[in-house]
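What follows is coords-v8.txt (compact mmCIF, C-alpha atoms (C1' of nucleotides)).
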# COMPACT_ATOMS: atom_id res chain seq x y z
CA MET J 1 -73.65 -22.38 -113.82
CA PHE J 2 -74.02 -18.65 -114.30
CA GLU J 3 -76.82 -19.01 -111.76
CA VAL J 4 -74.23 -19.33 -109.00
CA PHE J 5 -72.81 -15.96 -109.88
CA LYS J 6 -76.23 -14.40 -110.35
CA THR J 7 -77.30 -15.47 -106.89
CA TYR J 8 -74.07 -14.13 -105.47
CA ILE J 9 -74.08 -10.74 -107.12
CA THR J 10 -77.77 -9.93 -106.81
CA ASP J 11 -77.45 -10.60 -103.12
CA LYS J 12 -74.80 -7.89 -102.93
CA ILE J 13 -75.96 -5.23 -105.35
CA GLU J 14 -79.06 -4.20 -107.28
CA LEU J 15 -78.86 -4.99 -110.97
CA THR J 16 -81.35 -4.63 -113.80
CA ASP J 17 -81.96 -7.65 -116.01
CA GLN J 18 -80.22 -5.80 -118.79
CA GLU J 19 -77.13 -5.16 -116.72
CA LEU J 20 -77.04 -8.77 -115.66
CA ASP J 21 -77.22 -9.82 -119.29
CA MET J 22 -74.32 -7.59 -120.16
CA ILE J 23 -72.27 -9.13 -117.41
CA ARG J 24 -73.22 -12.63 -118.48
CA ALA J 25 -72.45 -11.96 -122.12
CA ALA J 26 -68.97 -10.71 -121.36
CA GLY J 27 -68.04 -13.61 -119.11
CA VAL J 28 -66.37 -16.88 -120.05
CA VAL J 29 -66.52 -20.14 -118.13
CA LYS J 30 -63.35 -22.11 -117.64
CA ARG J 31 -63.17 -25.62 -116.25
CA LEU J 32 -60.13 -26.73 -114.33
CA ARG J 33 -58.99 -30.20 -113.42
CA LYS J 34 -57.40 -30.85 -110.09
CA ARG J 35 -53.81 -29.50 -110.11
CA GLN J 36 -54.41 -27.44 -113.21
CA TYR J 37 -52.87 -23.97 -113.23
CA LEU J 38 -55.02 -20.90 -113.56
CA LEU J 39 -51.97 -18.64 -113.35
CA GLN J 40 -48.23 -19.20 -113.25
CA GLU J 41 -45.36 -17.08 -112.04
CA GLY J 42 -44.35 -14.68 -114.78
CA ASP J 43 -47.81 -14.57 -116.34
CA ILE J 44 -49.69 -11.31 -116.44
CA ASP J 45 -53.08 -11.65 -114.83
CA VAL J 46 -55.58 -10.09 -117.22
CA HIS J 47 -58.80 -11.61 -115.93
CA LYS J 48 -61.34 -10.98 -113.21
CA LYS J 49 -62.07 -14.44 -111.91
CA PHE J 50 -64.99 -15.71 -109.87
CA ILE J 51 -65.17 -19.27 -108.59
CA LEU J 52 -68.43 -20.97 -109.49
CA LYS J 53 -67.38 -24.29 -108.05
CA GLY J 54 -64.36 -25.93 -106.51
CA CYS J 55 -61.36 -24.91 -104.47
CA LEU J 56 -58.13 -23.18 -105.44
CA ARG J 57 -54.95 -21.95 -103.90
CA GLN J 58 -52.67 -19.02 -104.58
CA TYR J 59 -49.04 -19.43 -103.62
CA ARG J 60 -45.57 -18.04 -104.11
CA MET J 61 -42.48 -20.12 -104.70
CA GLY J 62 -39.45 -19.69 -102.47
CA ASP J 63 -35.88 -19.71 -103.81
CA ASP J 64 -35.59 -23.27 -102.55
CA GLY J 65 -38.71 -24.34 -104.45
CA ALA J 66 -40.94 -24.39 -101.39
CA GLU J 67 -44.55 -23.37 -101.92
CA HIS J 68 -45.93 -20.69 -99.61
CA ILE J 69 -49.68 -20.47 -99.78
CA MET J 70 -51.02 -16.94 -99.72
CA ARG J 71 -54.68 -17.81 -99.90
CA PHE J 72 -57.32 -20.46 -100.42
CA ALA J 73 -60.52 -19.72 -102.26
CA ILE J 74 -63.73 -21.62 -102.86
CA GLU J 75 -67.02 -21.14 -104.71
CA ASN J 76 -68.44 -17.61 -104.40
CA TRP J 77 -65.00 -16.13 -103.86
CA TRP J 78 -62.95 -14.09 -106.28
CA ILE J 79 -59.42 -15.06 -107.08
CA SER J 80 -56.68 -13.23 -108.93
CA ASP J 81 -53.26 -11.78 -108.48
CA ARG J 82 -54.40 -8.25 -107.77
CA GLU J 83 -50.89 -6.90 -108.05
CA SER J 84 -50.31 -8.24 -111.54
CA TYR J 85 -53.86 -7.35 -112.55
CA THR J 86 -53.61 -3.72 -111.50
CA THR J 87 -50.01 -3.04 -112.45
CA GLY J 88 -49.87 -5.17 -115.59
CA LEU J 89 -46.57 -6.60 -114.39
CA PRO J 90 -45.63 -10.31 -114.35
CA SER J 91 -47.09 -12.22 -111.43
CA LYS J 92 -45.02 -13.45 -108.52
CA CYS J 93 -47.45 -16.23 -107.80
CA TYR J 94 -49.19 -19.35 -108.96
CA ILE J 95 -52.86 -20.18 -108.79
CA ASP J 96 -54.00 -23.76 -109.22
CA ALA J 97 -56.96 -25.97 -108.50
CA ILE J 98 -57.09 -28.13 -105.39
CA GLU J 99 -60.38 -29.62 -106.54
CA GLU J 100 -61.94 -29.85 -109.96
CA SER J 101 -63.25 -26.31 -110.40
CA GLU J 102 -65.24 -23.97 -112.52
CA ILE J 103 -64.30 -20.35 -113.03
CA LEU J 104 -66.30 -17.50 -114.46
CA MET J 105 -63.96 -14.93 -115.91
CA TRP J 106 -63.89 -11.63 -117.73
CA HIS J 107 -60.99 -10.13 -119.64
CA LYS J 108 -59.69 -7.02 -117.92
CA SER J 109 -60.77 -4.77 -120.80
CA ALA J 110 -64.28 -6.22 -120.84
CA TRP J 111 -64.54 -5.93 -117.09
CA GLU J 112 -63.44 -2.31 -117.10
CA GLN J 113 -66.11 -1.59 -119.65
CA LEU J 114 -68.69 -3.26 -117.43
CA VAL J 115 -67.61 -1.27 -114.40
CA GLU J 116 -68.00 1.89 -116.44
CA ASP J 117 -71.45 0.90 -117.70
CA VAL J 118 -72.75 -0.54 -114.44
CA PRO J 119 -72.26 1.95 -111.60
CA ALA J 120 -73.19 -0.54 -108.91
CA LEU J 121 -70.15 -2.59 -109.84
CA GLN J 122 -67.90 0.33 -109.06
CA SER J 123 -68.75 0.59 -105.38
CA PHE J 124 -68.92 -3.18 -105.19
CA GLU J 125 -65.34 -3.46 -106.34
CA LYS J 126 -64.17 -0.80 -103.95
CA ASN J 127 -65.91 -2.60 -101.14
CA LEU J 128 -64.42 -5.93 -102.09
CA LEU J 129 -60.90 -4.54 -102.08
CA ALA J 130 -61.47 -2.88 -98.72
CA ARG J 131 -62.60 -6.17 -97.24
CA SER J 132 -59.70 -8.04 -98.77
CA PHE J 133 -57.38 -5.54 -97.19
CA ASN J 134 -58.98 -5.98 -93.78
CA ALA J 135 -58.68 -9.74 -94.11
CA SER J 136 -54.99 -9.43 -94.90
CA GLN J 137 -54.48 -7.20 -91.86
CA ASN J 138 -56.04 -9.85 -89.66
CA ARG J 139 -53.82 -12.43 -91.24
CA ILE J 140 -50.72 -10.35 -90.57
CA HIS J 141 -51.77 -9.95 -86.97
CA ALA J 142 -52.22 -13.70 -86.61
CA ALA J 143 -48.86 -14.39 -88.24
CA ILE J 144 -46.88 -12.12 -85.92
CA SER J 145 -48.70 -12.67 -82.66
CA TYR J 146 -50.07 -16.20 -82.48
CA THR J 147 -48.33 -19.41 -81.52
CA ALA J 148 -48.48 -22.29 -83.99
CA GLU J 149 -51.38 -23.80 -82.10
CA GLU J 150 -53.30 -20.53 -82.00
CA LYS J 151 -52.69 -20.08 -85.72
CA TYR J 152 -54.29 -23.42 -86.40
CA GLN J 153 -57.22 -22.73 -84.09
CA ASN J 154 -57.70 -19.35 -85.71
CA PHE J 155 -57.65 -20.93 -89.14
CA LEU J 156 -60.39 -23.36 -88.15
CA ASN J 157 -62.53 -20.53 -86.81
CA THR J 158 -61.91 -18.24 -89.75
CA PHE J 159 -62.38 -20.81 -92.49
CA PRO J 160 -64.76 -23.48 -91.20
CA ASP J 161 -65.81 -24.30 -94.76
CA ILE J 162 -62.27 -24.70 -96.08
CA PHE J 163 -60.17 -26.58 -93.54
CA ASN J 164 -61.58 -29.99 -94.36
CA ARG J 165 -61.28 -29.53 -98.09
CA VAL J 166 -57.55 -28.93 -98.32
CA PRO J 167 -54.66 -31.21 -97.39
CA LEU J 168 -53.02 -30.61 -94.04
CA LEU J 169 -49.69 -29.86 -95.62
CA MET J 170 -51.24 -26.93 -97.43
CA ILE J 171 -52.73 -25.55 -94.26
CA ALA J 172 -49.27 -25.83 -92.72
CA SER J 173 -47.85 -23.94 -95.67
CA TYR J 174 -50.53 -21.28 -95.29
CA LEU J 175 -49.74 -20.87 -91.61
CA GLY J 176 -46.00 -20.85 -92.12
CA ILE J 177 -45.27 -23.95 -90.07
CA SER J 178 -44.04 -27.42 -91.05
CA ARG J 179 -46.51 -30.19 -91.81
CA GLU J 180 -45.00 -32.32 -89.04
CA THR J 181 -45.60 -29.61 -86.47
CA LEU J 182 -49.17 -29.16 -87.63
CA SER J 183 -49.72 -32.89 -87.51
CA ARG J 184 -48.56 -32.96 -83.90
CA ILE J 185 -50.65 -29.94 -82.93
CA ARG J 186 -53.67 -31.60 -84.43
CA LYS J 187 -53.01 -34.72 -82.41
CA GLN J 188 -53.06 -32.71 -79.17
CA PHE J 189 -56.32 -31.16 -80.28
CA VAL J 190 -58.04 -34.49 -80.63
CA ASN J 191 -57.03 -35.40 -77.10
CA LYS J 192 -58.85 -32.37 -75.70
CA MET O 1 -46.42 22.78 -93.19
CA PHE O 2 -49.19 22.31 -95.75
CA GLU O 3 -46.37 22.62 -98.27
CA VAL O 4 -45.27 19.09 -97.44
CA PHE O 5 -48.65 17.77 -98.45
CA LYS O 6 -48.87 20.00 -101.49
CA THR O 7 -45.56 18.71 -102.78
CA TYR O 8 -46.67 15.15 -102.13
CA ILE O 9 -50.06 15.34 -103.76
CA THR O 10 -49.18 17.44 -106.79
CA ASP O 11 -46.47 14.93 -107.54
CA LYS O 12 -49.13 12.21 -107.73
CA ILE O 13 -52.11 13.90 -109.31
CA GLU O 14 -53.01 17.03 -111.27
CA LEU O 15 -54.89 19.59 -109.21
CA THR O 16 -56.07 23.11 -109.99
CA ASP O 17 -55.19 25.86 -107.52
CA GLN O 18 -58.82 26.01 -106.59
CA GLU O 19 -59.00 22.31 -105.80
CA LEU O 20 -55.86 22.54 -103.75
CA ASP O 21 -57.37 25.39 -101.78
CA MET O 22 -60.46 23.35 -101.07
CA ILE O 23 -58.34 20.54 -99.78
CA ARG O 24 -56.28 22.88 -97.65
CA ALA O 25 -59.33 24.60 -96.21
CA ALA O 26 -60.89 21.34 -95.09
CA GLY O 27 -57.75 20.01 -93.43
CA VAL O 28 -56.68 20.42 -89.83
CA VAL O 29 -53.15 20.15 -88.48
CA LYS O 30 -52.56 18.19 -85.31
CA ARG O 31 -49.31 18.12 -83.38
CA LEU O 32 -48.34 15.05 -81.43
CA ARG O 33 -45.75 14.64 -78.72
CA LYS O 34 -43.70 11.49 -78.52
CA ARG O 35 -45.86 8.66 -77.13
CA GLN O 36 -49.08 10.56 -77.69
CA TYR O 37 -52.02 8.55 -79.01
CA LEU O 38 -53.64 9.38 -82.31
CA LEU O 39 -56.10 6.53 -81.95
CA GLN O 40 -56.92 4.04 -79.23
CA GLU O 41 -58.60 0.68 -79.26
CA GLY O 42 -62.36 1.13 -79.17
CA ASP O 43 -62.25 4.53 -80.87
CA ILE O 44 -63.91 4.97 -84.21
CA ASP O 45 -61.51 6.31 -86.77
CA VAL O 46 -63.26 9.20 -88.50
CA HIS O 47 -60.28 10.97 -90.05
CA LYS O 48 -58.12 10.71 -93.12
CA LYS O 49 -54.66 11.32 -91.79
CA PHE O 50 -51.49 12.31 -93.59
CA ILE O 51 -48.15 12.56 -91.83
CA LEU O 52 -46.42 15.89 -92.43
CA LYS O 53 -43.57 15.14 -90.09
CA GLY O 54 -42.49 12.49 -87.65
CA CYS O 55 -42.91 8.77 -87.18
CA LEU O 56 -45.83 6.71 -85.90
CA ARG O 57 -46.78 3.15 -85.26
CA GLN O 58 -50.01 1.23 -85.48
CA TYR O 59 -50.38 -1.78 -83.26
CA ARG O 60 -52.81 -4.24 -81.77
CA MET O 61 -52.81 -5.39 -78.19
CA GLY O 62 -52.72 -9.10 -77.37
CA ASP O 63 -54.78 -10.64 -74.57
CA ASP O 64 -51.63 -10.66 -72.47
CA GLY O 65 -51.03 -6.95 -73.05
CA ALA O 66 -48.28 -7.46 -75.59
CA GLU O 67 -48.09 -4.92 -78.40
CA HIS O 68 -48.00 -6.26 -81.94
CA ILE O 69 -46.97 -3.63 -84.44
CA MET O 70 -48.92 -3.74 -87.66
CA ARG O 71 -47.19 -0.86 -89.36
CA PHE O 72 -44.79 2.04 -89.09
CA ALA O 73 -45.39 5.26 -90.94
CA ILE O 74 -43.35 8.40 -91.51
CA GLU O 75 -43.77 11.75 -93.24
CA ASN O 76 -45.50 11.56 -96.61
CA TRP O 77 -47.36 8.41 -95.61
CA TRP O 78 -51.00 8.04 -94.73
CA ILE O 79 -52.05 6.43 -91.51
CA SER O 80 -55.43 5.27 -90.27
CA ASP O 81 -57.31 2.22 -89.21
CA ARG O 82 -58.90 1.54 -92.56
CA GLU O 83 -61.20 -1.06 -91.11
CA SER O 84 -62.71 1.25 -88.52
CA TYR O 85 -62.76 4.12 -91.00
CA THR O 86 -64.67 2.22 -93.67
CA THR O 87 -66.98 0.20 -91.44
CA GLY O 88 -67.56 2.80 -88.74
CA LEU O 89 -66.93 0.12 -86.12
CA PRO O 90 -64.65 0.50 -83.08
CA SER O 91 -60.99 0.09 -83.84
CA LYS O 92 -58.97 -2.94 -82.82
CA CYS O 93 -55.78 -0.97 -82.77
CA TYR O 94 -53.76 1.88 -81.38
CA ILE O 95 -51.82 4.52 -83.24
CA ASP O 96 -49.24 6.58 -81.41
CA ALA O 97 -46.25 8.75 -82.12
CA ILE O 98 -42.72 7.36 -81.94
CA GLU O 99 -41.31 10.81 -82.63
CA GLU O 100 -42.81 14.24 -82.18
CA SER O 101 -45.07 14.44 -85.20
CA GLU O 102 -47.38 16.58 -87.23
CA ILE O 103 -50.51 15.26 -88.86
CA LEU O 104 -52.71 16.78 -91.50
CA MET O 105 -56.21 15.44 -91.15
CA TRP O 106 -59.68 15.69 -92.61
CA HIS O 107 -62.90 14.56 -91.04
CA LYS O 108 -64.42 11.65 -92.92
CA SER O 109 -67.45 13.68 -94.02
CA ALA O 110 -65.26 16.52 -95.28
CA TRP O 111 -62.98 14.11 -97.07
CA GLU O 112 -65.86 12.35 -98.78
CA GLN O 113 -67.09 15.69 -100.01
CA LEU O 114 -63.64 16.44 -101.38
CA VAL O 115 -63.45 13.12 -103.18
CA GLU O 116 -66.80 13.87 -104.76
CA ASP O 117 -65.75 17.35 -105.83
CA VAL O 118 -62.23 16.49 -106.93
CA PRO O 119 -62.32 13.55 -109.37
CA ALA O 120 -58.56 13.09 -109.33
CA LEU O 121 -58.77 12.17 -105.65
CA GLN O 122 -61.05 9.28 -106.46
CA SER O 123 -58.61 7.35 -108.57
CA PHE O 124 -55.81 8.39 -106.24
CA GLU O 125 -57.58 6.76 -103.32
CA LYS O 126 -58.28 3.62 -105.25
CA ASN O 127 -54.66 3.44 -106.24
CA LEU O 128 -53.46 3.99 -102.70
CA LEU O 129 -55.61 1.17 -101.38
CA ALA O 130 -54.42 -1.15 -104.13
CA ARG O 131 -50.82 -0.44 -103.22
CA SER O 132 -51.49 -0.89 -99.52
CA PHE O 133 -52.99 -4.25 -100.32
CA ASN O 134 -49.97 -5.30 -102.35
CA ALA O 135 -47.69 -4.25 -99.51
CA SER O 136 -49.67 -6.33 -97.06
CA GLN O 137 -49.44 -9.34 -99.38
CA ASN O 138 -45.68 -9.00 -99.42
CA ARG O 139 -45.65 -8.76 -95.67
CA ILE O 140 -47.72 -11.92 -95.35
CA HIS O 141 -45.33 -13.71 -97.66
CA ALA O 142 -42.38 -12.61 -95.56
CA ALA O 143 -44.10 -13.63 -92.34
CA ILE O 144 -44.85 -17.17 -93.47
CA SER O 145 -41.76 -17.96 -95.50
CA TYR O 146 -38.74 -16.17 -94.07
CA THR O 147 -36.53 -17.10 -91.15
CA ALA O 148 -36.07 -14.53 -88.40
CA GLU O 149 -32.82 -13.40 -89.98
CA GLU O 150 -34.37 -13.05 -93.41
CA LYS O 151 -37.25 -11.10 -91.93
CA TYR O 152 -34.84 -8.61 -90.47
CA GLN O 153 -32.83 -8.36 -93.68
CA ASN O 154 -36.03 -7.89 -95.64
CA PHE O 155 -37.14 -5.17 -93.25
CA LEU O 156 -33.90 -3.27 -93.76
CA ASN O 157 -34.28 -3.50 -97.53
CA THR O 158 -37.94 -2.59 -97.56
CA PHE O 159 -37.75 0.31 -95.11
CA PRO O 160 -34.27 1.82 -95.35
CA ASP O 161 -35.63 5.15 -94.13
CA ILE O 162 -37.39 3.72 -91.10
CA PHE O 163 -35.20 1.09 -89.46
CA ASN O 164 -32.87 3.58 -87.80
CA ARG O 165 -35.69 5.75 -86.49
CA VAL O 166 -37.52 3.18 -84.42
CA PRO O 167 -36.31 1.22 -81.37
CA LEU O 168 -35.16 -2.32 -81.97
CA LEU O 169 -37.82 -3.77 -79.72
CA MET O 170 -40.48 -2.30 -82.01
CA ILE O 171 -38.89 -3.81 -85.08
CA ALA O 172 -38.91 -7.12 -83.24
CA SER O 173 -42.60 -6.66 -82.49
CA TYR O 174 -43.27 -5.82 -86.13
CA LEU O 175 -41.45 -8.94 -87.27
CA GLY O 176 -43.09 -11.17 -84.71
CA ILE O 177 -39.88 -12.18 -82.92
CA SER O 178 -38.52 -11.38 -79.46
CA ARG O 179 -36.23 -8.41 -78.90
CA GLU O 180 -33.52 -10.71 -77.57
CA THR O 181 -33.58 -12.81 -80.71
CA LEU O 182 -33.39 -9.73 -82.89
CA SER O 183 -30.55 -8.38 -80.82
CA ARG O 184 -28.62 -11.59 -81.39
CA ILE O 185 -29.37 -11.65 -85.10
CA ARG O 186 -28.13 -8.12 -85.38
CA LYS O 187 -24.92 -9.06 -83.64
CA GLN O 188 -24.24 -11.76 -86.23
CA PHE O 189 -24.90 -9.20 -88.93
CA VAL O 190 -22.22 -6.89 -87.68
CA ASN O 191 -19.70 -9.73 -87.79
CA LYS O 192 -20.29 -10.26 -91.51
C1' DC S 1 -53.24 -53.28 -107.55
C1' DG S 2 -49.51 -50.07 -108.01
C1' DA S 3 -48.31 -45.31 -107.89
C1' DT S 4 -48.75 -41.14 -105.86
C1' DT S 5 -49.92 -38.10 -102.43
C1' DC S 6 -50.68 -37.19 -97.83
C1' DT S 7 -50.17 -37.98 -92.83
C1' DT S 8 -48.00 -39.58 -88.84
C1' DT S 9 -44.17 -40.83 -85.82
C1' DG S 10 -39.60 -40.86 -83.57
C1' DA S 11 -35.15 -38.98 -82.51
C1' DA S 12 -31.79 -35.47 -82.90
C1' DA S 13 -30.54 -30.91 -83.86
C1' DA S 14 -31.45 -26.15 -84.58
C1' DC S 15 -33.89 -22.36 -83.27
C1' DA S 16 -36.36 -18.99 -80.67
C1' DG S 17 -38.35 -17.63 -76.27
C1' DT S 18 -37.96 -16.58 -71.35
C1' DC S 19 -35.89 -14.92 -67.27
C1' DA S 20 -32.66 -12.22 -65.02
C1' DA S 21 -28.92 -9.26 -64.87
C1' DT S 22 -26.15 -5.72 -66.77
C1' DC S 23 -25.00 -1.97 -69.68
C1' DT S 24 -25.92 2.25 -72.37
C1' DG S 25 -27.63 6.51 -73.57
C1' DT S 26 -31.05 10.20 -72.89
C1' DG S 27 -33.44 13.41 -70.60
C1' DT S 28 -35.40 15.45 -66.25
C1' DG S 29 -35.44 17.61 -61.97
C1' DG S 30 -32.96 19.01 -57.90
C1' DC N 1 -24.02 20.42 -63.47
C1' DC N 2 -24.78 16.18 -61.37
C1' DA N 3 -27.59 12.37 -59.91
C1' DC N 4 -31.18 9.74 -60.99
C1' DA N 5 -34.82 7.59 -63.46
C1' DC N 6 -36.16 5.47 -67.53
C1' DA N 7 -36.30 3.42 -71.93
C1' DG N 8 -33.83 0.59 -74.69
C1' DA N 9 -30.12 -2.87 -75.89
C1' DT N 10 -27.32 -6.66 -74.83
C1' DT N 11 -25.78 -10.96 -72.77
C1' DG N 12 -25.80 -15.58 -70.53
C1' DA N 13 -28.04 -19.64 -69.07
C1' DC N 14 -31.86 -22.30 -69.50
C1' DT N 15 -36.17 -24.01 -71.33
C1' DG N 16 -39.35 -25.05 -74.63
C1' DT N 17 -40.81 -25.23 -79.28
C1' DT N 18 -40.13 -26.12 -84.05
C1' DT N 19 -37.58 -27.99 -87.78
C1' DT N 20 -35.27 -31.56 -90.03
C1' DC N 21 -34.46 -36.11 -91.51
C1' DA N 22 -35.91 -40.60 -92.13
C1' DA N 23 -39.17 -44.05 -92.17
C1' DA N 24 -43.51 -46.02 -92.03
C1' DG N 25 -48.46 -45.92 -92.36
C1' DA N 26 -53.02 -44.25 -94.55
C1' DA N 27 -55.70 -42.72 -98.18
C1' DT N 28 -56.76 -41.76 -102.89
C1' DC N 29 -56.74 -42.33 -107.84
C1' DG N 30 -56.23 -44.20 -112.24

Starting from the file, lay out its structure as structure tokens.
Amino acid sequence: MFEVFKTYITDKIELTDQELDMIRAAGVVKRLRKRQYLLQEGDIDVHKKFILKGCLRQYRMGDDGAEHIMRFAIENWWISDRESYTTGLPSKCYIDAIEESEILMWHKSAWEQLVEDVPALQSFEKNLLARSFNASQNRIHAAISYTAEEKYQNFLNTFPDIFNRVPLLMIASYLGISRETLSRIRKQFVNK
Amino acid sequence: MFEVFKTYITDKIELTDQELDMIRAAGVVKRLRKRQYLLQEGDIDVHKKFILKGCLRQYRMGDDGAEHIMRFAIENWWISDRESYTTGLPSKCYIDAIEESEILMWHKSAWEQLVEDVPALQSFEKNLLARSFNASQNRIHAAISYTAEEKYQNFLNTFPDIFNRVPLLMIASYLGISRETLSRIRKQFVNK
DNA sequence: CGATTCTTTGAAAACAGTCAATCTGTGTGG
DNA sequence: CCACACAGATTGACTGTTTTCAAAGAATCG
């Protein structure tokens, strides 16, 4: 399964065989069953995590126990609680598997060593964070300016490879609307 | 006015007098009147910009001409369209002054040279982006999980030094609610 | 098949948005 | 210095959307 990562990373940056071996050697594969946690509130996130296969969600829990989904992620995406990872503080969020999944992960210390030894990883990381930030800006814009229907439409356009892999109630949670409302919006859609 | 920046930056990172001089020499001060644009949609953002004084807003324009405020920023904050700055593509947003303001700015090429020459700036930048990302995550969480009233309360708590410097209608825009609704929420607040 | 999870639906209530009018404070020009 | 324009805030009445609650119907999984 390392092949999945190899294909991904060599498409983005130039790596020598030796560098690739170093990265492989430091990584660990973790298999997750559906509903299994990868991170829980209060944990400290100490791993870089790349999804080889499957689908996961990252969410925060409201005071009333409601789950608010911050993000979905599928194969070839990275997933972590950046805040906890960078600050070393307990996480405010949960990450769990929506589908049976496979994760390739590196301990923070090992990863930092890799970034030091492999210069290409440095700019790659910077780039990844910049793009994550841009994505979150677009999400904020959608959240404050779109109607519920537009939010759903936008979600379909933005994540064509995700929307049919996650339950509707989770999409509703992601968009900040109730599942009933989303169900009704979807009904109107079909009629068009 | 460079003093404002000097105080800010030397509080965050260690700099030699020489490095500080380099940074000063490369920077340009720009004065803005109230309502004056610092960036308009379609422009390419080619400057690192630090606010020495004043208050600005960054917003996107909806198809219907409605302004959706992405961010406020005051003295000792940075402001730019990161997306346009990093990608070199035309900006989707506007930045203008809410108060008469003073900006310290560096052209992208000059700034990149500085970052190369002054190592401390490198990690500083990385850190700043990481914190911006965390802030945007918190904003997303608020947008999808809070009621209008909670959004307002959260805004007051998060930006105690901003809420009384910007018009209510802009706070409403930032929160994604109508000014009338915010006005009514505020009224209830006073009664408590 | 039984249990669980997810989706849909209906009806009522709560909420937020729109429109229109008024009020307030600020600043500008005569 | 006053009158006026203008930006911003508030209010009321109305409309439309969204949530909530409750129940029932699919779909999935062991």

Kindly assemble as a tab-separated table a list of the chain N residues that lie within 12 Å of chain J, each paired with its nearest atom pair and their distance in Å to one decimal, using all atoms listed in the file, sorted first by chain and then by ascending residue number.
residue	atom	partner	partner_atom	distance
N:DT17	C1'	J:Ala148	CA	9.5
N:DT18	C1'	J:Thr181	CA	6.9
N:DT19	C1'	J:Ser178	CA	7.3
N:DT20	C1'	J:Ser178	CA	9.8
N:DC21	C1'	J:Glu180	CA	11.5
N:DA27	C1'	J:Pro167	CA	11.6
N:DC29	C1'	J:Lys34	CA	11.7

Using all atoms listed in the file, find which residues of chain S lie within 10 Å of chain J and jot them down as a ChimeraX atom specification.
/S:5-9

Written selection (C-alpha atoms (C1' of nucleotides)) as a PDB file, keeping the file's coordinate frame:
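Result saved to selection-v4.pdb:
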ATOM      1  C1'  DT S   5     -49.920 -38.100-102.430  1.00  0.00           C
ATOM      2  C1'  DC S   6     -50.680 -37.190 -97.830  1.00  0.00           C
ATOM      3  C1'  DT S   7     -50.170 -37.980 -92.830  1.00  0.00           C
ATOM      4  C1'  DT S   8     -48.000 -39.580 -88.840  1.00  0.00           C
ATOM      5  C1'  DT S   9     -44.170 -40.830 -85.820  1.00  0.00           C
TER       6       DT S   9
END

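The gap separating CA of Phe2 (chain O) from CA of Glu102 (chain O) is 10.4 Å, in Å to one decimal.
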
Quick one: residues within 10 Å of (-46.4, -12.7, -91.2) (file frame), counting only C-alpha atoms (C1' of nucleotides), please, as a PyMOL selection string.
(chain J and resi 136-137+139-145+175-176) or (chain O and resi 70+136-146+151+174-176)

Would you work out the distance separating CA of Asp21 (chain J) from CA of Phe5 (chain J), expressed in Å to one decimal?
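CA of Phe5 (chain J) lies at a distance of 12.1 Å from CA of Asp21 (chain J).
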
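CA of His107 (chain J) sits 12.8 Å away from CA of Gly88 (chain J).
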
Which residue gives the smallest distance to chain O among J:Val115, J:Ile95, J:Ile103, J:Ala66, with only C-alpha atoms counted?
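Ranking J:Val115, J:Ile95, J:Ile103, J:Ala66 by distance to chain O, first place goes to J:Ala66.
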
Centre and edge lengths, as JSON, for the axis-aligned box enclosing every listed atom of region 5-18 of chain S with 6 Å of padding on each of the six sides, in Å to one decimal?
{"center_x": -40.6, "center_y": -28.7, "center_z": -86.9, "size_x": 32.1, "size_y": 36.3, "size_z": 43.1}

Select all residues near (-55.2, 0.5, -84.4) (cut-off 10 Å, inclusive, file coordinates), counting only C-alpha atoms (C1' of nucleotides), and output them as a list in words.
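Those within range, by chain then number, are Leu38, Leu39, Gln40, Glu41, Gly42, Asp43, Ile44, Asp45, Arg57, Gln58, Tyr59, Arg60, Met61, Ile69, Met70, Arg71, Ile79, Ser80, Asp81, Arg82, Glu83, Ser84, Pro90, Ser91, Lys92, Cys93, Tyr94, Ile95 and Asp96 of chain O.
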